[in-house]
Amino acid sequence: MNGKSSDDHISTAFDNDLRQIENLVVTMGGLVEEQIEQAAQVIVTRDLEKAAALIASDKRVDEIEEEIDQLVVRIIALRQPAAQDLRAVMAALKLASDLERIGDYTKNLAKRTQVLAQVAPVGNTAKSVKRMCMMVRQMVKDVLDAYLSRDLASADEVRLRDEDVDQVHNNLFRSLLTYMLEDPRNITPCMHLLFIAKNVERMGDHTTSIAEQVHFLITGEMPDDERPKGDVTSTTFVEAGSAA
Amino acid sequence: MDMSTHTDASDATALPKTADHTKPVKMRGEKVSVFYGEKQALFDVDLDIRQNQVTALIGPSGCGKSTFLRCLNRMNDTIDIRRVKGNLSLDGTDIYDANVDVVELRARVGMVFQKPNPFPKSIFENIAYGPRIHGLAHNATDMEEIVVSSLKRAGLFDEVKDRLKEPGTGLSGGQQQRLCIARAIAVSPEVILMDEPCSALDPIATAVVEELIDELRQNYTIVIVTHSMQQAARVSQETAFFHLGYVVETGVTDDIFTKPSDPRTEAYITGRIG
């Protein structure tokens with residue numbers, strides 16, 4: 001009928017709404033990927049102009065989240081979605097929320113970079129942050145591809161990759177503590193780097209959460225197995241005089 | 001009812017909202033096929049109706065859900081060209097057995113129709129008619145007790161207690177439908193069949209009837225045919241999806257509406273097939 005496929009709803013407007021919501025999530029994801037990419041650059045280059053641009057770009061991300069929220073509320077009110085449609089709108093809502101948080105963290109990184117730029121770099125720590133950022137960026141890209149193509153295996157694979165981000169974070173955490181023990185003048189930049197590193201680690205967690213939502217979207221169930229968690233910084237202790 | 005209180009059924013009752021598979025099977029259909037002359041309307045339907053549960057039958061028009069419902073109290077018997085094959089039982093007894101008294105069966109398995117159809121008699125007489133022909137009341141006091149308790153169970157008594165002698169047809173649509181439910185209850189049925197009981201009612205009257213259905217399930221087994229997906233999701237514990245004369249999927253209502261296992265069910269409840 002009317003050239004519709006069996007995947008289409010009888011209501012064309014409903015199909016359009018669902019497509020629009022998916023497009024908004026993907027657009028938002030693209031912007032956030034770019035934000036992470038920029039964050040990875042400015043932490044090393046200390047380019048304050050780019051840092052300011054990164055801070056400014058977060059406004060658009062927030063706007064899209066708002067658009068997604070409103071569209072989801074409208075679809076629920078008008079269409080009372082069920083089954084895969086319900087999962088699609090719920091997933092969109094949660095994905096938007098996770099992406100918005102990731103965007104916020106990159107913005108915070110850019111702000112702290114403005115302080116870091118005033119002092120000398122602390123060893124290779126900025127490069128480690130960059131490495132973490134690039135890992136998360138790839139995870140975000142892959143999980144959004146999995147979202148668009150409804151690829152369960154890819155989503156599950158991204159979910160497991162967060163452990164690698166945690167490993168880099170653990171090492172960086174120890175290094176930063178050691179630098180602070182070595183020289184109190186390192187404390188200001190190290191504290192900022194510590195927050196940045198923690199934030200990038202949280203970005204990985206949000207990406208994991210997105211992967212879990214994609215799993216739910218496809219299967220109707222949350223992944224039940226415990227994923228490996230690599231963050232040990234809560235119990236890390238570095239003594240004065242010990243090597244990092 | 002307080003204005004801030006929802007007329008939602010789930011708040012009111014002590015019964016668990018989800019399906020309970022420990023409940024005994026009240027009615028069972030096994031390989032039920034129905035023919036109207038040459039045309040086959042149902043194909044080998046297997047379906048269990050559990051006691052004190054609301055079972056919703058959903059599916060597009062002409063899918064066979066009303067045909068199946070009407071088989072459950074032999075309402076289809078009046079159609080000459082109809083043939084029923086397979087087995088339909090109530091408490092393990094074949095209801096199509098030659099020894100079954102159809103009038104008695106219909107007292108045990110009552111029915112409420114799409115359009116409220118009160119008799120052109122007083123409210124009191126609408127309820128009293130069934131118990132009288134079934135000889136359930138021994139005297140006037142007995143009868144009054146049956147009428148009052150039936151109206152109370154149908155949640156209508158307070159609204160009509162001062163005008164029991166007035167015609168049932170003078171009530172609002174929602175009240176008429178509850179009167180018909182009271183009439184069905186009056187003969188102490190075990191199962192109540194409802195064929196789109198809310199499709200002629202406004203949203204408020206619908207919410208009241210839905211709440212009533214949820215309360216009735218404490219004492220009765222209910223089978224409801226509905227075109228409203230949301231209604232099936234709200235009032236039932238188990239749902240059966242009919243399509244083209246086949247039962248495609250049966251299951252716990254929560255599962256059917258969140259993660260159905262058959263793609264045809266998914267397509268129907270998400271509005272992809274008509």
# chains A, B, ... in the order shown; residues from 1 in each chain; ligands from 1

$ closest_atom_pairs --of "chain B" --to "chain A" --cutoff "6 Å" --atoms "only C-alpha atoms" --output "tab-separated table"
residue	atom	partner	partner_atom	distance
B:Phe257	CA	A:Ala83	CA	5.5
B:Thr258	CA	A:Ala83	CA	4.2
B:Lys259	CA	A:Ala83	CA	5.3
B:Thr270	CA	A:Ala82	CA	5.6
B:Gly271	CA	A:His9	CA	5.6
B:Arg272	CA	A:His9	CA	4.2

$ closest_residue --among "B:Val32, B:Ile127, B:Ile95, B:Leu42" --to "B:Glu145" --atoms "only C-alpha atoms"
B:Ile127

$ closest_atom_pairs --of "stretch 45-137 of chain B" --to "stretch 200-216 of chain B" --cutoff "12 Å" --atoms "only C-alpha atoms" --output "JSON lines"
{"residue": "B:Gln51", "atom": "CA", "partner": "B:Leu216", "partner_atom": "CA", "distance": 11.7}
{"residue": "B:Asn52", "atom": "CA", "partner": "B:Leu216", "partner_atom": "CA", "distance": 8.4}
{"residue": "B:Gln53", "atom": "CA", "partner": "B:Asp214", "partner_atom": "CA", "distance": 8.9}
{"residue": "B:Val54", "atom": "CA", "partner": "B:Asp214", "partner_atom": "CA", "distance": 7.8}
{"residue": "B:Thr55", "atom": "CA", "partner": "B:Ile213", "partner_atom": "CA", "distance": 11.1}
{"residue": "B:Ala56", "atom": "CA", "partner": "B:Ile213", "partner_atom": "CA", "distance": 11.6}
{"residue": "B:Val112", "atom": "CA", "partner": "B:Ile213", "partner_atom": "CA", "distance": 11.5}
{"residue": "B:Phe113", "atom": "CA", "partner": "B:Ala200", "partner_atom": "CA", "distance": 10.2}
{"residue": "B:Gln114", "atom": "CA", "partner": "B:Ala200", "partner_atom": "CA", "distance": 6.9}
{"residue": "B:Lys115", "atom": "CA", "partner": "B:Ala200", "partner_atom": "CA", "distance": 6.1}
{"residue": "B:Pro116", "atom": "CA", "partner": "B:Ala200", "partner_atom": "CA", "distance": 8.0}
{"residue": "B:Asn117", "atom": "CA", "partner": "B:Ala200", "partner_atom": "CA", "distance": 11.4}

$ closest_residue --among "B:Leu164, B:Ala186, B:Val225, B:Val191" --to "B:Asp142" --atoms "only C-alpha atoms"
B:Ala186

$ select_by_dssp --residues "stretch 112-144 of chain A" --states "helix (DSSP H, G or I)" --output "number ranges by chain"
A: 112-116, 125-144

$ write_last_selection --atoms "N, CA and C atoms" --output "PDB file, in the first residue's frame"
ATOM      1  N   ARG A 112      39.881  23.827  31.678  1.00  0.00           N
ATOM      2  CA  ARG A 112      41.058  23.550  32.493  1.00  0.00           C
ATOM      3  C   ARG A 112      42.339  23.737  31.680  1.00  0.00           C
ATOM      4  N   THR A 113      42.235  23.511  30.361  1.00  0.00           N
ATOM      5  CA  THR A 113      43.393  23.717  29.496  1.00  0.00           C
ATOM      6  C   THR A 113      43.855  25.176  29.564  1.00  0.00           C
ATOM      7  N   GLN A 114      42.895  26.105  29.726  1.00  0.00           N
ATOM      8  CA  GLN A 114      43.242  27.523  29.835  1.00  0.00           C
ATOM      9  C   GLN A 114      44.146  27.779  31.041  1.00  0.00           C
ATOM     10  N   VAL A 115      43.943  27.022  32.132  1.00  0.00           N
ATOM     11  CA  VAL A 115      44.816  27.136  33.312  1.00  0.00           C
ATOM     12  C   VAL A 115      46.148  26.438  33.045  1.00  0.00           C
ATOM     13  N   LEU A 116      46.048  25.223  32.498  1.00  0.00           N
ATOM     14  CA  LEU A 116      47.260  24.432  32.252  1.00  0.00           C
ATOM     15  C   LEU A 116      48.236  25.177  31.335  1.00  0.00           C
ATOM     16  N   THR A 125      52.123  13.620  30.570  1.00  0.00           N
ATOM     17  CA  THR A 125      50.756  13.333  31.027  1.00  0.00           C
ATOM     18  C   THR A 125      49.697  13.792  30.033  1.00  0.00           C
ATOM     19  N   ALA A 126      49.930  14.956  29.388  1.00  0.00           N
ATOM     20  CA  ALA A 126      48.938  15.451  28.430  1.00  0.00           C
ATOM     21  C   ALA A 126      48.754  14.458  27.289  1.00  0.00           C
ATOM     22  N   LYS A 127      49.861  13.796  26.907  1.00  0.00           N
ATOM     23  CA  LYS A 127      49.764  12.818  25.810  1.00  0.00           C
ATOM     24  C   LYS A 127      48.922  11.612  26.217  1.00  0.00           C
ATOM     25  N   SER A 128      49.032  11.244  27.504  1.00  0.00           N
ATOM     26  CA  SER A 128      48.198  10.135  27.979  1.00  0.00           C
ATOM     27  C   SER A 128      46.724  10.506  27.925  1.00  0.00           C
ATOM     28  N   VAL A 129      46.432  11.786  28.307  1.00  0.00           N
ATOM     29  CA  VAL A 129      45.041  12.255  28.232  1.00  0.00           C
ATOM     30  C   VAL A 129      44.573  12.197  26.784  1.00  0.00           C
ATOM     31  N   LYS A 130      45.448  12.638  25.884  1.00  0.00           N
ATOM     32  CA  LYS A 130      45.086  12.605  24.464  1.00  0.00           C
ATOM     33  C   LYS A 130      44.771  11.174  24.030  1.00  0.00           C
ATOM     34  N   ARG A 131      45.610  10.241  24.497  1.00  0.00           N
ATOM     35  CA  ARG A 131      45.397   8.840  24.119  1.00  0.00           C
ATOM     36  C   ARG A 131      44.024   8.355  24.599  1.00  0.00           C
ATOM     37  N   MET A 132      43.716   8.704  25.860  1.00  0.00           N
ATOM     38  CA  MET A 132      42.400   8.307  26.394  1.00  0.00           C
ATOM     39  C   MET A 132      41.279   8.901  25.542  1.00  0.00           C
ATOM     40  N   CYS A 133      41.445  10.184  25.193  1.00  0.00           N
ATOM     41  CA  CYS A 133      40.421  10.857  24.388  1.00  0.00           C
ATOM     42  C   CYS A 133      40.213  10.139  23.058  1.00  0.00           C
ATOM     43  N   MET A 134      41.315   9.770  22.407  1.00  0.00           N
ATOM     44  CA  MET A 134      41.194   9.141  21.096  1.00  0.00           C
ATOM     45  C   MET A 134      40.525   7.769  21.209  1.00  0.00           C
ATOM     46  N   MET A 135      40.814   7.076  22.332  1.00  0.00           N
ATOM     47  CA  MET A 135      40.152   5.777  22.535  1.00  0.00           C
ATOM     48  C   MET A 135      38.643   5.971  22.676  1.00  0.00           C
ATOM     49  N   VAL A 136      38.272   6.971  23.480  1.00  0.00           N
ATOM     50  CA  VAL A 136      36.839   7.219  23.703  1.00  0.00           C
ATOM     51  C   VAL A 136      36.177   7.681  22.409  1.00  0.00           C
ATOM     52  N   ARG A 137      36.899   8.522  21.664  1.00  0.00           N
ATOM     53  CA  ARG A 137      36.327   9.017  20.406  1.00  0.00           C
ATOM     54  C   ARG A 137      35.981   7.852  19.478  1.00  0.00           C
ATOM     55  N   GLN A 138      36.899   6.909  19.376  1.00  0.00           N
ATOM     56  CA  GLN A 138      36.654   5.747  18.512  1.00  0.00           C
ATOM     57  C   GLN A 138      35.471   4.918  19.034  1.00  0.00           C
ATOM     58  N   MET A 139      35.395   4.799  20.376  1.00  0.00           N
ATOM     59  CA  MET A 139      34.264   4.057  20.967  1.00  0.00           C
ATOM     60  C   MET A 139      32.940   4.729  20.617  1.00  0.00           C
ATOM     61  N   VAL A 140      32.905   6.074  20.737  1.00  0.00           N
ATOM     62  CA  VAL A 140      31.669   6.803  20.436  1.00  0.00           C
ATOM     63  C   VAL A 140      31.290   6.601  18.966  1.00  0.00           C
ATOM     64  N   LYS A 141      32.298   6.696  18.095  1.00  0.00           N
ATOM     65  CA  LYS A 141      32.025   6.514  16.659  1.00  0.00           C
ATOM     66  C   LYS A 141      31.465   5.114  16.406  1.00  0.00           C
ATOM     67  N   ASP A 142      32.134   4.107  16.963  1.00  0.00           N
ATOM     68  CA  ASP A 142      31.721   2.723  16.700  1.00  0.00           C
ATOM     69  C   ASP A 142      30.334   2.425  17.277  1.00  0.00           C
ATOM     70  N   VAL A 143      30.050   2.989  18.475  1.00  0.00           N
ATOM     71  CA  VAL A 143      28.763   2.668  19.098  1.00  0.00           C
ATOM     72  C   VAL A 143      27.627   3.363  18.349  1.00  0.00           C
ATOM     73  N   LEU A 144      27.908   4.540  17.782  1.00  0.00           N
ATOM     74  CA  LEU A 144      26.864   5.215  17.003  1.00  0.00           C
ATOM     75  C   LEU A 144      26.625   4.497  15.669  1.00  0.00           C
TER      76      LEU A 144
END

$ residues_around --residues "stretch 65-71 of chain B" --least-positions-apart "5" --cutoff "10 Å" --atoms "only C-alpha atoms" --output "PyMOL selection string"
chain B and resi 29+32-35+41-42+45+47+56-60+76-77+84+88+95-96+111+193-196+223-226+240-247

$ atom_distance --atom1 "atom CA of B:Thr93" --atom2 "atom CA of B:His21"
20.8 Å

$ closest_residue --among "B:Ala182, B:Val248, B:Ala232, B:Ile222" --to "B:Pro260" --atoms "only C-alpha atoms"
B:Val248

$ atom_distance --atom1 "atom CA of B:Ile192" --atom2 "atom CA of B:Thr141"
25.9 Å

$ closest_atom_pairs --of "stretch 69-161 of chain A" --to "stretch 51-54 of chain A" --cutoff "10 Å" --atoms "only C-alpha atoms" --output "Markdown table"
| residue | atom | partner | partner_atom | distance |
| --- | --- | --- | --- | --- |
| A:Gly103 | CA | A:Leu54 | CA | 9.4 |
| A:Thr106 | CA | A:Leu54 | CA | 7.7 |
| A:Lys107 | CA | A:Leu54 | CA | 6.3 |
| A:Asn108 | CA | A:Leu54 | CA | 9.6 |
| A:Leu109 | CA | A:Ala51 | CA | 8.6 |
| A:Ala110 | CA | A:Ala51 | CA | 4.9 |
| A:Lys111 | CA | A:Ala51 | CA | 7.2 |
| A:Arg112 | CA | A:Ala51 | CA | 9.4 |
| A:Thr113 | CA | A:Ala51 | CA | 7.3 |
| A:Gln114 | CA | A:Ala51 | CA | 7.6 |

$ write_last_selection --atoms "N, CA and C atoms" --output "PDB file, in the first residue's frame"
ATOM      1  N   GLY A 103      29.792  15.682  26.098  1.00  0.00           N
ATOM      2  CA  GLY A 103      30.074  17.024  25.591  1.00  0.00           C
ATOM      3  C   GLY A 103      30.499  17.959  26.715  1.00  0.00           C
ATOM      4  N   THR A 106      34.098  17.428  27.746  1.00  0.00           N
ATOM      5  CA  THR A 106      35.098  18.006  26.835  1.00  0.00           C
ATOM      6  C   THR A 106      35.190  19.517  27.050  1.00  0.00           C
ATOM      7  N   LYS A 107      34.040  20.121  27.336  1.00  0.00           N
ATOM      8  CA  LYS A 107      34.014  21.560  27.602  1.00  0.00           C
ATOM      9  C   LYS A 107      34.843  21.888  28.852  1.00  0.00           C
ATOM     10  N   ASN A 108      34.679  21.029  29.867  1.00  0.00           N
ATOM     11  CA  ASN A 108      35.424  21.221  31.111  1.00  0.00           C
ATOM     12  C   ASN A 108      36.922  21.062  30.868  1.00  0.00           C
ATOM     13  N   LEU A 109      37.266  20.092  30.001  1.00  0.00           N
ATOM     14  CA  LEU A 109      38.683  19.889  29.656  1.00  0.00           C
ATOM     15  C   LEU A 109      39.241  21.161  29.017  1.00  0.00           C
ATOM     16  N   ALA A 110      38.448  21.767  28.123  1.00  0.00           N
ATOM     17  CA  ALA A 110      38.908  22.987  27.443  1.00  0.00           C
ATOM     18  C   ALA A 110      39.129  24.118  28.448  1.00  0.00           C
ATOM     19  N   LYS A 111      38.238  24.227  29.420  1.00  0.00           N
ATOM     20  CA  LYS A 111      38.378  25.267  30.442  1.00  0.00           C
ATOM     21  C   LYS A 111      39.654  25.078  31.256  1.00  0.00           C
ATOM     22  N   ARG A 112      39.881  23.827  31.678  1.00  0.00           N
ATOM     23  CA  ARG A 112      41.058  23.550  32.493  1.00  0.00           C
ATOM     24  C   ARG A 112      42.339  23.737  31.680  1.00  0.00           C
ATOM     25  N   THR A 113      42.235  23.511  30.361  1.00  0.00           N
ATOM     26  CA  THR A 113      43.393  23.717  29.496  1.00  0.00           C
ATOM     27  C   THR A 113      43.855  25.176  29.564  1.00  0.00           C
ATOM     28  N   GLN A 114      42.895  26.105  29.726  1.00  0.00           N
ATOM     29  CA  GLN A 114      43.242  27.523  29.835  1.00  0.00           C
ATOM     30  C   GLN A 114      44.146  27.779  31.041  1.00  0.00           C
TER      31      GLN A 114
END

$ residues_around --residues "B:Lys121" --least-positions-apart "3" --cutoff "7 Å" --atoms "only C-alpha atoms" --output "list in words"
Glu125, Asn126, Pro167 and Gly168 of chain B

$ atom_distance --atom1 "atom CA of A:Phe237" --atom2 "atom CA of A:His192"
19.0 Å

$ residues_around --residues "A:Val89" --least-positions-apart "2" --cutoff "10 Å" --atoms "only C-alpha atoms" --output "count of residues only"
23

$ decode --residues "stretch 82-109 of chain B" --atoms "C-alpha atoms" --output "PDB file, in the first residue's frame"
ATOM      1  CA  ARG B  82     -21.214 -22.684  11.574  1.00  0.00           C
ATOM      2  CA  ARG B  83     -19.088 -25.736  12.410  1.00  0.00           C
ATOM      3  CA  VAL B  84     -16.680 -25.984  15.328  1.00  0.00           C
ATOM      4  CA  LYS B  85     -13.865 -28.555  15.326  1.00  0.00           C
ATOM      5  CA  GLY B  86     -11.374 -29.268  18.077  1.00  0.00           C
ATOM      6  CA  ASN B  87     -11.879 -29.133  21.796  1.00  0.00           C
ATOM      7  CA  LEU B  88     -13.111 -26.378  24.116  1.00  0.00           C
ATOM      8  CA  SER B  89     -13.394 -27.114  27.806  1.00  0.00           C
ATOM      9  CA  LEU B  90     -14.552 -25.401  30.978  1.00  0.00           C
ATOM     10  CA  ASP B  91     -12.971 -26.836  34.134  1.00  0.00           C
ATOM     11  CA  GLY B  92     -11.889 -29.796  32.013  1.00  0.00           C
ATOM     12  CA  THR B  93     -15.372 -30.581  30.669  1.00  0.00           C
ATOM     13  CA  ASP B  94     -16.030 -30.353  26.930  1.00  0.00           C
ATOM     14  CA  ILE B  95     -18.544 -27.524  26.420  1.00  0.00           C
ATOM     15  CA  TYR B  96     -19.544 -28.833  22.970  1.00  0.00           C
ATOM     16  CA  ASP B  97     -20.501 -32.221  24.401  1.00  0.00           C
ATOM     17  CA  ALA B  98     -24.045 -33.290  23.454  1.00  0.00           C
ATOM     18  CA  ASN B  99     -25.033 -33.492  27.148  1.00  0.00           C
ATOM     19  CA  VAL B 100     -24.148 -29.873  27.898  1.00  0.00           C
ATOM     20  CA  ASP B 101     -27.097 -27.585  28.629  1.00  0.00           C
ATOM     21  CA  VAL B 102     -26.299 -24.444  26.670  1.00  0.00           C
ATOM     22  CA  VAL B 103     -28.467 -22.241  28.894  1.00  0.00           C
ATOM     23  CA  GLU B 104     -26.577 -23.419  31.945  1.00  0.00           C
ATOM     24  CA  LEU B 105     -23.251 -22.942  30.120  1.00  0.00           C
ATOM     25  CA  ARG B 106     -24.162 -19.340  29.329  1.00  0.00           C
ATOM     26  CA  ALA B 107     -25.008 -18.739  32.982  1.00  0.00           C
ATOM     27  CA  ARG B 108     -21.531 -19.947  33.912  1.00  0.00           C
ATOM     28  CA  VAL B 109     -19.888 -18.088  31.030  1.00  0.00           C
TER      29      VAL B 109
END
